[in-house]
>>> print(open('structure08.pdb').read())   # PDB, C-alpha atoms and all ligand atoms
ATOM      1  CA  MET A   8      22.498  14.852 -34.452
ATOM      2  CA  LEU A   9      20.845  11.528 -33.685
ATOM      3  CA  ASP A  10      17.722  10.374 -35.501
ATOM      4  CA  SER A  11      14.858  11.524 -33.244
ATOM      5  CA  SER A  12      12.830   8.380 -33.941
ATOM      6  CA  THR A  13      15.662   6.392 -32.330
ATOM      7  CA  ILE A  14      15.536   8.264 -29.045
ATOM      8  CA  GLY A  15      11.870   9.336 -28.956
ATOM      9  CA  ASN A  16      10.811  10.586 -25.532
ATOM     10  CA  LEU A  17      13.562   8.881 -23.574
ATOM     11  CA  LEU A  18      14.136  11.918 -21.359
ATOM     12  CA  LYS A  19      10.779  13.652 -21.571
ATOM     13  CA  GLY A  20      10.477  16.379 -18.929
ATOM     14  CA  ARG A  21      13.934  15.690 -17.483
ATOM     15  CA  ARG A  22      15.928  18.720 -16.412
ATOM     16  CA  VAL A  23      19.621  18.469 -17.216
ATOM     17  CA  LEU A  24      22.649  20.724 -16.709
ATOM     18  CA  VAL A  25      25.461  20.277 -19.244
ATOM     19  CA  THR A  26      28.782  22.023 -18.627
ATOM     20  CA  GLY A  27      30.976  23.031 -21.550
ATOM     21  CA  ALA A  28      27.893  23.079 -23.779
ATOM     22  CA  ALA A  29      28.793  26.092 -25.930
ATOM     23  CA  ARG A  30      30.529  23.945 -28.548
ATOM     24  CA  GLY A  31      32.039  20.554 -29.328
ATOM     25  CA  LEU A  32      30.775  17.407 -27.645
ATOM     26  CA  GLY A  33      28.836  19.326 -24.974
ATOM     27  CA  TYR A  34      26.809  21.189 -27.591
ATOM     28  CA  ASP A  35      25.872  17.925 -29.272
ATOM     29  CA  PHE A  36      24.896  16.450 -25.881
ATOM     30  CA  ALA A  37      22.640  19.456 -25.215
ATOM     31  CA  MET A  38      20.976  19.180 -28.636
ATOM     32  CA  SER A  39      20.510  15.411 -28.325
ATOM     33  CA  LEU A  40      19.040  15.817 -24.842
ATOM     34  CA  CYS A  41      16.509  18.266 -26.254
ATOM     35  CA  GLN A  42      15.624  15.797 -29.018
ATOM     36  CA  ALA A  43      14.971  13.208 -26.331
ATOM     37  CA  GLY A  44      12.529  15.600 -24.632
ATOM     38  CA  ALA A  45      14.722  17.142 -21.922
ATOM     39  CA  GLN A  46      15.032  20.761 -20.801
ATOM     40  CA  VAL A  47      18.660  21.796 -20.705
ATOM     41  CA  ALA A  48      20.769  24.377 -18.883
ATOM     42  CA  MET A  49      23.893  24.955 -20.960
ATOM     43  CA  ALA A  50      26.876  26.259 -18.970
ATOM     44  CA  ASP A  51      30.163  27.532 -20.365
ATOM     45  CA  ILE A  52      32.946  30.063 -19.876
ATOM     46  CA  LEU A  53      32.757  31.234 -23.530
ATOM     47  CA  ALA A  54      29.892  33.711 -23.081
ATOM     48  CA  ASP A  55      29.555  34.752 -26.747
ATOM     49  CA  THR A  56      29.722  31.241 -28.189
ATOM     50  CA  LEU A  57      27.272  30.085 -25.526
ATOM     51  CA  GLU A  58      24.808  32.825 -26.428
ATOM     52  CA  GLN A  59      24.956  31.838 -30.114
ATOM     53  CA  SER A  60      24.513  28.144 -29.330
ATOM     54  CA  VAL A  61      21.556  28.820 -27.024
ATOM     55  CA  GLU A  62      19.982  30.989 -29.746
ATOM     56  CA  THR A  63      20.477  28.251 -32.364
ATOM     57  CA  LEU A  64      18.733  25.649 -30.197
ATOM     58  CA  ARG A  65      15.956  28.077 -29.149
ATOM     59  CA  ALA A  66      15.312  28.746 -32.851
ATOM     60  CA  LYS A  67      14.656  25.018 -33.240
ATOM     61  CA  GLY A  68      12.076  25.333 -30.461
ATOM     62  CA  TYR A  69      14.142  23.630 -27.777
ATOM     63  CA  PRO A  70      13.812  24.688 -24.102
ATOM     64  CA  VAL A  71      17.397  25.685 -23.296
ATOM     65  CA  HIS A  72      18.950  28.208 -20.918
ATOM     66  CA  GLY A  73      22.474  29.617 -20.976
ATOM     67  CA  VAL A  74      24.526  30.021 -17.791
ATOM     68  CA  VAL A  75      28.016  31.539 -17.814
ATOM     69  CA  VAL A  76      30.418  29.791 -15.432
ATOM     70  CA  ASP A  77      34.118  29.411 -14.687
ATOM     71  CA  LEU A  78      34.602  25.935 -13.266
ATOM     72  CA  ALA A  79      37.957  26.965 -11.809
ATOM     73  CA  ASP A  80      36.121  29.419  -9.513
ATOM     74  CA  PRO A  81      34.274  27.648  -6.659
ATOM     75  CA  GLU A  82      31.838  30.536  -6.097
ATOM     76  CA  SER A  83      30.994  30.653  -9.807
ATOM     77  CA  VAL A  84      30.271  26.906  -9.741
ATOM     78  CA  ARG A  85      27.870  27.322  -6.809
ATOM     79  CA  GLN A  86      26.058  30.170  -8.564
ATOM     80  CA  CYS A  87      25.826  28.168 -11.793
ATOM     81  CA  ALA A  88      24.256  25.179 -10.050
ATOM     82  CA  ALA A  89      21.787  27.429  -8.220
ATOM     83  CA  GLN A  90      20.821  29.250 -11.426
ATOM     84  CA  ALA A  91      20.340  26.024 -13.355
ATOM     85  CA  VAL A  92      18.119  24.560 -10.628
ATOM     86  CA  GLN A  93      16.123  27.792 -10.445
ATOM     87  CA  ARG A  94      15.580  28.150 -14.203
ATOM     88  CA  LEU A  95      14.781  24.477 -14.752
ATOM     89  CA  GLY A  96      12.657  24.220 -11.618
ATOM     90  CA  GLY A  97      14.761  21.348 -10.278
ATOM     91  CA  LEU A  98      17.381  18.986 -11.630
ATOM     92  CA  ASP A  99      17.379  15.354 -12.788
ATOM     93  CA  GLY A 100      20.722  15.162 -14.576
ATOM     94  CA  LEU A 101      24.209  16.670 -14.649
ATOM     95  CA  VAL A 102      26.750  16.151 -17.429
ATOM     96  CA  ASN A 103      30.234  17.187 -16.295
ATOM     97  CA  ASN A 104      31.619  17.733 -19.783
ATOM     98  CA  ALA A 105      33.674  20.937 -19.635
ATOM     99  CA  ALA A 106      37.420  20.381 -19.609
ATOM    100  CA  ILE A 107      40.687  21.790 -20.878
ATOM    101  CA  THR A 108      43.811  20.045 -22.180
ATOM    102  CA  ASN A 109      47.455  20.912 -21.842
ATOM    103  CA  SER A 110      47.223  21.440 -25.582
ATOM    104  CA  GLY A 111      50.102  21.935 -27.926
ATOM    105  CA  GLY A 112      51.661  18.536 -27.327
ATOM    106  CA  VAL A 113      53.932  19.488 -24.415
ATOM    107  CA  GLY A 114      56.088  16.714 -22.924
ATOM    108  CA  ALA A 115      56.814  15.998 -19.255
ATOM    109  CA  GLN A 116      59.988  18.125 -19.252
ATOM    110  CA  GLU A 117      58.314  21.216 -20.681
ATOM    111  CA  LEU A 118      54.892  21.041 -19.027
ATOM    112  CA  GLU A 119      54.467  24.093 -16.795
ATOM    113  CA  VAL A 120      53.258  23.799 -13.208
ATOM    114  CA  ALA A 121      50.719  26.576 -13.791
ATOM    115  CA  VAL A 122      49.247  24.630 -16.731
ATOM    116  CA  TRP A 123      49.085  21.417 -14.662
ATOM    117  CA  ASP A 124      47.305  23.332 -11.880
ATOM    118  CA  ARG A 125      44.777  24.906 -14.237
ATOM    119  CA  VAL A 126      43.973  21.546 -15.877
ATOM    120  CA  MET A 127      43.384  19.960 -12.466
ATOM    121  CA  ALA A 128      41.354  22.948 -11.219
ATOM    122  CA  VAL A 129      38.916  22.825 -14.143
ATOM    123  CA  ASN A 130      38.725  19.104 -14.919
ATOM    124  CA  VAL A 131      38.957  17.559 -11.456
ATOM    125  CA  ARG A 132      38.075  20.194  -8.863
ATOM    126  CA  GLY A 133      35.361  21.647 -11.125
ATOM    127  CA  THR A 134      33.747  18.233 -11.542
ATOM    128  CA  TRP A 135      33.821  17.634  -7.794
ATOM    129  CA  LEU A 136      32.381  21.065  -6.888
ATOM    130  CA  MET A 137      29.660  20.948  -9.557
ATOM    131  CA  SER A 138      28.606  17.447  -8.505
ATOM    132  CA  ALA A 139      28.479  18.475  -4.848
ATOM    133  CA  ALA A 140      26.538  21.655  -5.636
ATOM    134  CA  CYS A 141      23.953  19.710  -7.665
ATOM    135  CA  GLN A 142      23.548  16.768  -5.290
ATOM    136  CA  PRO A 143      20.641  18.151  -3.195
ATOM    137  CA  ALA A 144      18.531  18.937  -6.276
ATOM    138  CA  LEU A 145      19.405  15.612  -7.932
ATOM    139  CA  GLN A 146      18.425  13.760  -4.774
ATOM    140  CA  ALA A 147      15.149  15.680  -4.587
ATOM    141  CA  SER A 148      14.341  14.515  -8.117
ATOM    142  CA  GLY A 149      14.096  10.933  -6.872
ATOM    143  CA  ARG A 150      16.156   9.582  -9.772
ATOM    144  CA  GLY A 151      19.189  11.776 -10.339
ATOM    145  CA  ALA A 152      22.024  10.953 -12.703
ATOM    146  CA  ILE A 153      25.515  12.334 -13.133
ATOM    147  CA  VAL A 154      27.587  11.608 -16.228
ATOM    148  CA  ASN A 155      31.254  12.535 -16.102
ATOM    149  CA  ILE A 156      33.040  12.866 -19.426
ATOM    150  CA  ALA A 157      36.435  11.197 -19.051
ATOM    151  CA  SER A 158      38.725  10.288 -21.986
ATOM    152  CA  ASP A 159      40.401   7.213 -23.347
ATOM    153  CA  THR A 160      43.719   9.035 -22.785
ATOM    154  CA  ALA A 161      43.359   7.951 -19.131
ATOM    155  CA  LEU A 162      43.338   4.293 -20.242
ATOM    156  CA  TRP A 163      45.672   4.411 -23.212
ATOM    157  CA  GLY A 164      48.484   6.528 -21.779
ATOM    158  CA  ALA A 165      48.656   9.531 -24.062
ATOM    159  CA  PRO A 166      52.149  10.943 -24.690
ATOM    160  CA  LYS A 167      52.350  14.740 -24.327
ATOM    161  CA  LEU A 168      48.925  14.896 -22.705
ATOM    162  CA  LEU A 169      50.210  14.126 -19.205
ATOM    163  CA  ALA A 170      48.185  16.598 -17.137
ATOM    164  CA  TYR A 171      45.041  15.994 -19.180
ATOM    165  CA  ALA A 172      45.263  12.186 -19.003
ATOM    166  CA  ALA A 173      45.987  12.329 -15.255
ATOM    167  CA  SER A 174      42.983  14.600 -14.720
ATOM    168  CA  LYS A 175      40.728  12.137 -16.539
ATOM    169  CA  GLY A 176      42.090   9.265 -14.444
ATOM    170  CA  ALA A 177      41.082  11.304 -11.407
ATOM    171  CA  VAL A 178      37.616  11.852 -12.893
ATOM    172  CA  ILE A 179      37.195   8.080 -13.281
ATOM    173  CA  ALA A 180      38.266   7.454  -9.661
ATOM    174  CA  MET A 181      35.979  10.232  -8.441
ATOM    175  CA  THR A 182      33.078   8.714 -10.387
ATOM    176  CA  ARG A 183      33.387   5.513  -8.349
ATOM    177  CA  SER A 184      33.578   7.345  -5.014
ATOM    178  CA  LEU A 185      30.649   9.631  -5.824
ATOM    179  CA  ALA A 186      28.583   6.630  -6.951
ATOM    180  CA  ARG A 187      28.980   5.143  -3.468
ATOM    181  CA  GLU A 188      28.370   8.478  -1.702
ATOM    182  CA  PHE A 189      25.297   9.459  -3.710
ATOM    183  CA  GLY A 190      23.762   5.998  -4.109
ATOM    184  CA  ALA A 191      21.676   6.420  -0.955
ATOM    185  CA  GLY A 192      19.938   9.340  -2.677
ATOM    186  CA  ASN A 193      19.228   7.162  -5.743
ATOM    187  CA  ILE A 194      21.667   9.180  -7.846
ATOM    188  CA  THR A 195      23.698   7.197 -10.370
ATOM    189  CA  VAL A 196      27.189   8.426 -11.235
ATOM    190  CA  ASN A 197      28.918   7.081 -14.328
ATOM    191  CA  ALA A 198      31.803   8.037 -16.591
ATOM    192  CA  ILE A 199      31.944   7.950 -20.372
ATOM    193  CA  ALA A 200      35.367   7.912 -22.009
ATOM    194  CA  PRO A 201      35.254   9.091 -25.625
ATOM    195  CA  GLY A 202      38.067   8.405 -28.030
ATOM    196  CA  LEU A 203      39.680  11.140 -30.111
ATOM    197  CA  THR A 204      36.709  12.990 -31.612
ATOM    198  CA  LEU A 205      36.657  15.505 -34.459
ATOM    199  CA  VAL A 206      35.786  18.924 -32.991
ATOM    200  CA  GLU A 207      37.275  22.413 -33.206
ATOM    201  CA  ALA A 208      39.321  21.726 -30.065
ATOM    202  CA  THR A 209      41.120  18.682 -31.526
ATOM    203  CA  GLU A 210      42.285  20.493 -34.657
ATOM    204  CA  TYR A 211      45.635  20.971 -32.883
ATOM    205  CA  VAL A 212      46.127  17.217 -32.519
ATOM    206  CA  PRO A 213      48.873  16.104 -34.926
ATOM    207  CA  GLU A 214      47.715  14.333 -38.079
ATOM    208  CA  ALA A 215      49.812  11.303 -37.077
ATOM    209  CA  ARG A 216      47.728  10.807 -33.921
ATOM    210  CA  HIS A 217      44.461  11.131 -35.817
ATOM    211  CA  ARG A 218      45.765   8.498 -38.251
ATOM    212  CA  LEU A 219      46.919   6.197 -35.440
ATOM    213  CA  TYR A 220      43.499   6.338 -33.789
ATOM    214  CA  HIS A 221      41.757   5.777 -37.100
ATOM    215  CA  ASP A 222      43.875   2.766 -38.013
ATOM    216  CA  GLN A 223      43.758   1.101 -34.571
ATOM    217  CA  ARG A 224      39.979   1.284 -34.150
ATOM    218  CA  ALA A 225      37.913  -1.854 -34.611
ATOM    219  CA  ILE A 226      35.569   0.375 -36.615
ATOM    220  CA  GLN A 227      37.932   2.227 -38.900
ATOM    221  CA  ARG A 228      36.514   5.692 -39.346
ATOM    222  CA  ASP A 229      36.831   9.054 -37.636
ATOM    223  CA  GLN A 230      34.858   9.588 -34.421
ATOM    224  CA  VAL A 231      32.308  12.425 -34.348
ATOM    225  CA  PRO A 232      30.304  13.877 -31.399
ATOM    226  CA  GLU A 233      27.119  12.069 -32.485
ATOM    227  CA  ASP A 234      28.933   8.795 -31.796
ATOM    228  CA  VAL A 235      29.039   9.696 -28.093
ATOM    229  CA  SER A 236      25.687  11.392 -27.405
ATOM    230  CA  GLY A 237      23.586   8.211 -27.377
ATOM    231  CA  SER A 238      25.588   6.806 -24.468
ATOM    232  CA  VAL A 239      25.095  10.027 -22.503
ATOM    233  CA  LEU A 240      21.332   9.814 -23.045
ATOM    234  CA  PHE A 241      21.360   6.168 -21.961
ATOM    235  CA  ALA A 242      23.260   6.905 -18.743
ATOM    236  CA  LEU A 243      20.813   9.708 -17.850
ATOM    237  CA  SER A 244      17.728   7.642 -18.638
ATOM    238  CA  ASP A 245      15.737   5.092 -16.664
ATOM    239  CA  LEU A 246      17.215   2.397 -18.907
ATOM    240  CA  ALA A 247      20.394   2.819 -16.844
ATOM    241  CA  ARG A 248      18.746   3.198 -13.436
ATOM    242  CA  PHE A 249      20.831   0.384 -11.844
ATOM    243  CA  VAL A 250      24.085   1.211 -13.632
ATOM    244  CA  THR A 251      26.385   3.217 -11.355
ATOM    245  CA  GLY A 252      30.083   3.750 -10.731
ATOM    246  CA  GLN A 253      30.838   2.441 -14.213
ATOM    247  CA  LEU A 254      33.130   3.529 -16.984
ATOM    248  CA  LEU A 255      31.907   3.211 -20.555
ATOM    249  CA  PRO A 256      34.541   3.760 -23.235
ATOM    250  CA  VAL A 257      32.984   5.024 -26.491
ATOM    251  CA  ASN A 258      35.756   4.912 -29.042
ATOM    252  CA  GLY A 259      34.914   2.572 -31.911
ATOM    253  CA  GLY A 260      37.107  -0.087 -30.298
ATOM    254  CA  PHE A 261      40.434   1.702 -29.715
ATOM    255  CA  VAL A 262      41.207   0.846 -26.091
ATOM    256  CA  PHE A 263      39.064  -1.668 -24.245
ATOM    257  CA  ASN A 264      38.015  -1.290 -20.612
TER     258      ASN A 264
HETATM  259  N1  LIG B 301      37.407  15.819 -28.575
HETATM  260  C1  LIG B 301      38.011  14.740 -28.138
HETATM  261  O1  LIG B 301      38.807  14.104 -28.854
HETATM  262  C2  LIG B 301      37.735  14.217 -26.781
HETATM  263  C3  LIG B 301      37.148  14.986 -25.814
HETATM  264  N2  LIG B 301      36.920  14.476 -24.570
HETATM  265  C4  LIG B 301      36.273  15.253 -23.541
HETATM  266  O2  LIG B 301      35.051  15.738 -24.020
HETATM  267  C5  LIG B 301      34.704  16.936 -23.338
HETATM  268  C6  LIG B 301      34.374  18.014 -24.341
HETATM  269  O3  LIG B 301      35.542  18.367 -25.051
HETATM  270  P1  LIG B 301      35.552  18.899 -26.553
HETATM  271  O4  LIG B 301      34.184  19.069 -27.046
HETATM  272  O5  LIG B 301      36.474  18.050 -27.294
HETATM  273  O6  LIG B 301      36.317  20.305 -26.380
HETATM  274  P2  LIG B 301      35.778  21.789 -26.321
HETATM  275  O7  LIG B 301      36.911  22.638 -25.927
HETATM  276  O8  LIG B 301      35.070  22.120 -27.578
HETATM  277  O9  LIG B 301      34.687  21.741 -25.185
HETATM  278  C7  LIG B 301      34.943  22.018 -23.863
HETATM  279  C8  LIG B 301      34.027  23.144 -23.410
HETATM  280  O10 LIG B 301      34.291  23.403 -22.042
HETATM  281  C9  LIG B 301      34.378  24.789 -21.874
HETATM  282  N3  LIG B 301      35.236  25.163 -20.750
HETATM  283  C10 LIG B 301      36.582  25.118 -20.717
HETATM  284  N4  LIG B 301      37.035  25.597 -19.558
HETATM  285  C11 LIG B 301      35.952  25.954 -18.829
HETATM  286  C12 LIG B 301      35.778  26.531 -17.547
HETATM  287  N5  LIG B 301      36.820  26.872 -16.771
HETATM  288  N6  LIG B 301      34.536  26.754 -17.112
HETATM  289  C13 LIG B 301      33.474  26.456 -17.905
HETATM  290  N7  LIG B 301      33.576  25.913 -19.128
HETATM  291  C14 LIG B 301      34.803  25.672 -19.582
HETATM  292  C15 LIG B 301      34.936  25.308 -23.177
HETATM  293  O11 LIG B 301      34.693  26.689 -23.339
HETATM  294  C16 LIG B 301      34.266  24.421 -24.194
HETATM  295  O12 LIG B 301      33.061  24.974 -24.654
HETATM  296  C17 LIG B 301      35.890  17.244 -22.445
HETATM  297  O13 LIG B 301      35.664  16.726 -21.161
HETATM  298  C18 LIG B 301      37.008  16.495 -23.110
HETATM  299  O14 LIG B 301      38.040  16.208 -22.210
HETATM  300  C19 LIG B 301      37.259  13.188 -24.279
HETATM  301  C20 LIG B 301      37.834  12.388 -25.194
HETATM  302  C21 LIG B 301      38.107  12.832 -26.518
HETATM  303  C1  LIG B 302      44.578  10.996 -28.279
HETATM  304  C2  LIG B 302      43.972  12.256 -27.908
HETATM  305  N1  LIG B 302      44.576  13.366 -28.307
HETATM  306  C3  LIG B 302      44.058  14.562 -27.968
HETATM  307  C4  LIG B 302      42.957  14.641 -27.196
HETATM  308  C5  LIG B 302      42.361  13.535 -26.792
HETATM  309  C6  LIG B 302      42.825  12.281 -27.164
HETATM  310  O1  LIG B 302      42.162  11.169 -26.810
HETATM  311  C7  LIG B 302      41.323  13.888 -25.928
HETATM  312  O2  LIG B 302      40.675  13.155 -25.234
HETATM  313  O3  LIG B 302      41.179  15.223 -25.879
HETATM  314  C8  LIG B 302      42.236  15.792 -26.677
END
>>> encode(input="structure08.pdb", output="structure tokens", more="lines below")
Ligand SMILES: NC(=O)C1=CN([C@@H]2O[C@H](COP(=O)(O)OP(=O)(O)OC[C@H]3O[C@@H](n4cnc5c(N)ncnc54)[C@H](O)[C@@H]3O)[C@@H](O)[C@H]2O)C=CC1
Ligand SMILES: Cc1ncc2c(c1O)C(=O)OC2
Amino acid sequence: MLDSSTIGNLLKGRRVLVTGAARGLGYDFAMSLCQAGAQVAMADILADTLEQSVETLRAKGYPVHGVVVDLADPESVRQCAAQAVQRLGGLDGLVNNAAITNSGGVGAQELEVAVWDRVMAVNVRGTWLMSAACQPALQASGRGAIVNIASDTALWGAPKLLAYAASKGAVIAMTRSLAREFGAGNITVNAIAPGLTLVEATEYVPEARHRLYHDQRAIQRDQVPEDVSGSVLFALSDLARFVTGQLLPVNGGFVFN
């Protein structure tokens, strides 16, 4: 959690949809957005975890709503966007954070086509469909912002994360195209590429890779979700109103853009 005096009322009254907000980085984004004064719709496929996370933030007095969604299902994505807009009374920001990896460290020979397809369906197609579904409401806001969560694996070349890294490369390319398409509606579209971050989902990552990241960073310590949230807030705020189509790596100085 960021120090609230640092972020103050940066996003006061802004209405933001965060996908994959039940846990991990997305949960920290949702909490940080609330601290900055935003109202947040938290979307996820993990219904039970989502309910708990929404309850936790509500107990702190934050205005959050839970929406269950499967980003691999185009109709579910449309319904999620519509529900978020309805419950928030409009939309100023979208954080495309939900994603899956081809976890388990599977190499190019062993990677299954079905796994590749699922990774692309959630990470790439889901990001496209959610962005498209939210565009009218974001445009109506007068200053909409989309933040796509990429990964430094797309820049570094991550062995045994082939499908995942490729999907994040696609997210970066899509960010640039959407920035040009949505610019006329005064919607900014940017990508943030975190480095390997300590969350439940990266517990499977071999110790050797955690150590490699740690040792190769300019700032030699482990990365935590709070290291990323500030950049998400910035990209959604008026401070970044003329920043669009850009990629911001947030990794303590592991790979440089
Ligand atoms: N943790 C890390 O080291 C890094 C993570 N990232 C990115 O950060 C984002 C968040 O990941 P983490 O917090 O690490 O993992 P996570 O697994 O905790 O979070 C992803 C969330 O997305 C949800 N999700 C998965 N499939 C979904 C679907 N079909 N529909 C709706 N929601 C779905 C999950 O239930 C989960 O809550 C992802 O985009 C990930 O690629 C990027 C770089 C490093
Ligand atoms: C090096 C590395 N290993 C595992 C993962 C990532 C990563 O950057 C990541 O972005 O999500 C899972």
>>> resolve_selection(input="structure08.pdb", expression="the PyMOL selection byres (((chain A and resi 142-159) around 7) and not hetatm)", output="ChimeraX atom specification")
/A:97-104,138-141,160-163,175,178-179,192-202,239,242-243,256,262
>>> residues_near_ligand(input="structure08.pdb", ligand="ligand LIG 302 (chain B)", cutoff="9 Å", atoms="all atoms listed in the file", output="MDAnalysis selection string")
chainID A and resid 106:110 112 157:161 163:168 171:172 175 200:204 208:209 211:213 216:217 219:220
>>> write_last_selection(input="structure08.pdb", atoms="C-alpha atoms", output="PDB file, in the coordinates of the input")
ATOM      1  CA  ALA A 106      37.420  20.381 -19.609  1.00  0.00           C
ATOM      2  CA  ILE A 107      40.687  21.790 -20.878  1.00  0.00           C
ATOM      3  CA  THR A 108      43.811  20.045 -22.180  1.00  0.00           C
ATOM      4  CA  ASN A 109      47.455  20.912 -21.842  1.00  0.00           C
ATOM      5  CA  SER A 110      47.223  21.440 -25.582  1.00  0.00           C
ATOM      6  CA  GLY A 112      51.661  18.536 -27.327  1.00  0.00           C
ATOM      7  CA  ALA A 157      36.435  11.197 -19.051  1.00  0.00           C
ATOM      8  CA  SER A 158      38.725  10.288 -21.986  1.00  0.00           C
ATOM      9  CA  ASP A 159      40.401   7.213 -23.347  1.00  0.00           C
ATOM     10  CA  THR A 160      43.719   9.035 -22.785  1.00  0.00           C
ATOM     11  CA  ALA A 161      43.359   7.951 -19.131  1.00  0.00           C
ATOM     12  CA  TRP A 163      45.672   4.411 -23.212  1.00  0.00           C
ATOM     13  CA  GLY A 164      48.484   6.528 -21.779  1.00  0.00           C
ATOM     14  CA  ALA A 165      48.656   9.531 -24.062  1.00  0.00           C
ATOM     15  CA  PRO A 166      52.149  10.943 -24.690  1.00  0.00           C
ATOM     16  CA  LYS A 167      52.350  14.740 -24.327  1.00  0.00           C
ATOM     17  CA  LEU A 168      48.925  14.896 -22.705  1.00  0.00           C
ATOM     18  CA  TYR A 171      45.041  15.994 -19.180  1.00  0.00           C
ATOM     19  CA  ALA A 172      45.263  12.186 -19.003  1.00  0.00           C
ATOM     20  CA  LYS A 175      40.728  12.137 -16.539  1.00  0.00           C
ATOM     21  CA  ALA A 200      35.367   7.912 -22.009  1.00  0.00           C
ATOM     22  CA  PRO A 201      35.254   9.091 -25.625  1.00  0.00           C
ATOM     23  CA  GLY A 202      38.067   8.405 -28.030  1.00  0.00           C
ATOM     24  CA  LEU A 203      39.680  11.140 -30.111  1.00  0.00           C
ATOM     25  CA  THR A 204      36.709  12.990 -31.612  1.00  0.00           C
ATOM     26  CA  ALA A 208      39.321  21.726 -30.065  1.00  0.00           C
ATOM     27  CA  THR A 209      41.120  18.682 -31.526  1.00  0.00           C
ATOM     28  CA  TYR A 211      45.635  20.971 -32.883  1.00  0.00           C
ATOM     29  CA  VAL A 212      46.127  17.217 -32.519  1.00  0.00           C
ATOM     30  CA  PRO A 213      48.873  16.104 -34.926  1.00  0.00           C
ATOM     31  CA  ARG A 216      47.728  10.807 -33.921  1.00  0.00           C
ATOM     32  CA  HIS A 217      44.461  11.131 -35.817  1.00  0.00           C
ATOM     33  CA  LEU A 219      46.919   6.197 -35.440  1.00  0.00           C
ATOM     34  CA  TYR A 220      43.499   6.338 -33.789  1.00  0.00           C
TER      35      TYR A 220
END
>>> atom_distance(input="structure08.pdb", atom1="CA of Leu255 (chain A)", atom2="CA of Thr182 (chain A)")
11.6 Å
>>> closest_residue(input="structure08.pdb", among="A:Asn264, A:Ala43, A:Leu118, A:Leu205", to="Lys19 (chain A)", atoms="only C-alpha atoms")
A:Ala43
>>> atom_distance(input="structure08.pdb", atom1="CA of Gly96 (chain A)", atom2="CA of Phe241 (chain A)")
22.6 Å
>>> closest_residue(input="structure08.pdb", among="A:Val92, A:Ala186, A:Met127, A:Leu32", to="ligand LIG 301 (chain B)", atoms="all atoms listed in the file")
A:Leu32
>>> atom_distance(input="structure08.pdb", atom1="CA of Ala121 (chain A)", atom2="CA of Val74 (chain A)")
26.7 Å
>>> axis_aligned_box(input="structure08.pdb", around="region 246-259 of chain A", padding_each_side="8 Å", output="AutoDock Vina command-line options")
--center_x 26.5 --center_y 2.7 --center_z -21.3 --size_x 34.5 --size_y 20.6 --size_z 37.2
>>> resolve_selection(input="structure08.pdb", expression="the PyMOL selection byres (((chain A and resi 33) around 12) and not hetatm)", output="NGL selection string")
:A and (24-32 or 34-40 or 47-51 or 57 or 60 or 101-106 or 154-156 or 206 or 208 or 232-233 or 235-236 or 239)
>>> write_last_selection(input="structure08.pdb", atoms="C-alpha atoms", output="PDB file, keeping the file's coordinate frame")
ATOM      1  CA  LEU A  24      22.649  20.724 -16.709  1.00  0.00           C
ATOM      2  CA  VAL A  25      25.461  20.277 -19.244  1.00  0.00           C
ATOM      3  CA  THR A  26      28.782  22.023 -18.627  1.00  0.00           C
ATOM      4  CA  GLY A  27      30.976  23.031 -21.550  1.00  0.00           C
ATOM      5  CA  ALA A  28      27.893  23.079 -23.779  1.00  0.00           C
ATOM      6  CA  ALA A  29      28.793  26.092 -25.930  1.00  0.00           C
ATOM      7  CA  ARG A  30      30.529  23.945 -28.548  1.00  0.00           C
ATOM      8  CA  GLY A  31      32.039  20.554 -29.328  1.00  0.00           C
ATOM      9  CA  LEU A  32      30.775  17.407 -27.645  1.00  0.00           C
ATOM     10  CA  TYR A  34      26.809  21.189 -27.591  1.00  0.00           C
ATOM     11  CA  ASP A  35      25.872  17.925 -29.272  1.00  0.00           C
ATOM     12  CA  PHE A  36      24.896  16.450 -25.881  1.00  0.00           C
ATOM     13  CA  ALA A  37      22.640  19.456 -25.215  1.00  0.00           C
ATOM     14  CA  MET A  38      20.976  19.180 -28.636  1.00  0.00           C
ATOM     15  CA  SER A  39      20.510  15.411 -28.325  1.00  0.00           C
ATOM     16  CA  LEU A  40      19.040  15.817 -24.842  1.00  0.00           C
ATOM     17  CA  VAL A  47      18.660  21.796 -20.705  1.00  0.00           C
ATOM     18  CA  ALA A  48      20.769  24.377 -18.883  1.00  0.00           C
ATOM     19  CA  MET A  49      23.893  24.955 -20.960  1.00  0.00           C
ATOM     20  CA  ALA A  50      26.876  26.259 -18.970  1.00  0.00           C
ATOM     21  CA  ASP A  51      30.163  27.532 -20.365  1.00  0.00           C
ATOM     22  CA  LEU A  57      27.272  30.085 -25.526  1.00  0.00           C
ATOM     23  CA  SER A  60      24.513  28.144 -29.330  1.00  0.00           C
ATOM     24  CA  LEU A 101      24.209  16.670 -14.649  1.00  0.00           C
ATOM     25  CA  VAL A 102      26.750  16.151 -17.429  1.00  0.00           C
ATOM     26  CA  ASN A 103      30.234  17.187 -16.295  1.00  0.00           C
ATOM     27  CA  ASN A 104      31.619  17.733 -19.783  1.00  0.00           C
ATOM     28  CA  ALA A 105      33.674  20.937 -19.635  1.00  0.00           C
ATOM     29  CA  ALA A 106      37.420  20.381 -19.609  1.00  0.00           C
ATOM     30  CA  VAL A 154      27.587  11.608 -16.228  1.00  0.00           C
ATOM     31  CA  ASN A 155      31.254  12.535 -16.102  1.00  0.00           C
ATOM     32  CA  ILE A 156      33.040  12.866 -19.426  1.00  0.00           C
ATOM     33  CA  VAL A 206      35.786  18.924 -32.991  1.00  0.00           C
ATOM     34  CA  ALA A 208      39.321  21.726 -30.065  1.00  0.00           C
ATOM     35  CA  PRO A 232      30.304  13.877 -31.399  1.00  0.00           C
ATOM     36  CA  GLU A 233      27.119  12.069 -32.485  1.00  0.00           C
ATOM     37  CA  VAL A 235      29.039   9.696 -28.093  1.00  0.00           C
ATOM     38  CA  SER A 236      25.687  11.392 -27.405  1.00  0.00           C
ATOM     39  CA  VAL A 239      25.095  10.027 -22.503  1.00  0.00           C
TER      40      VAL A 239
END
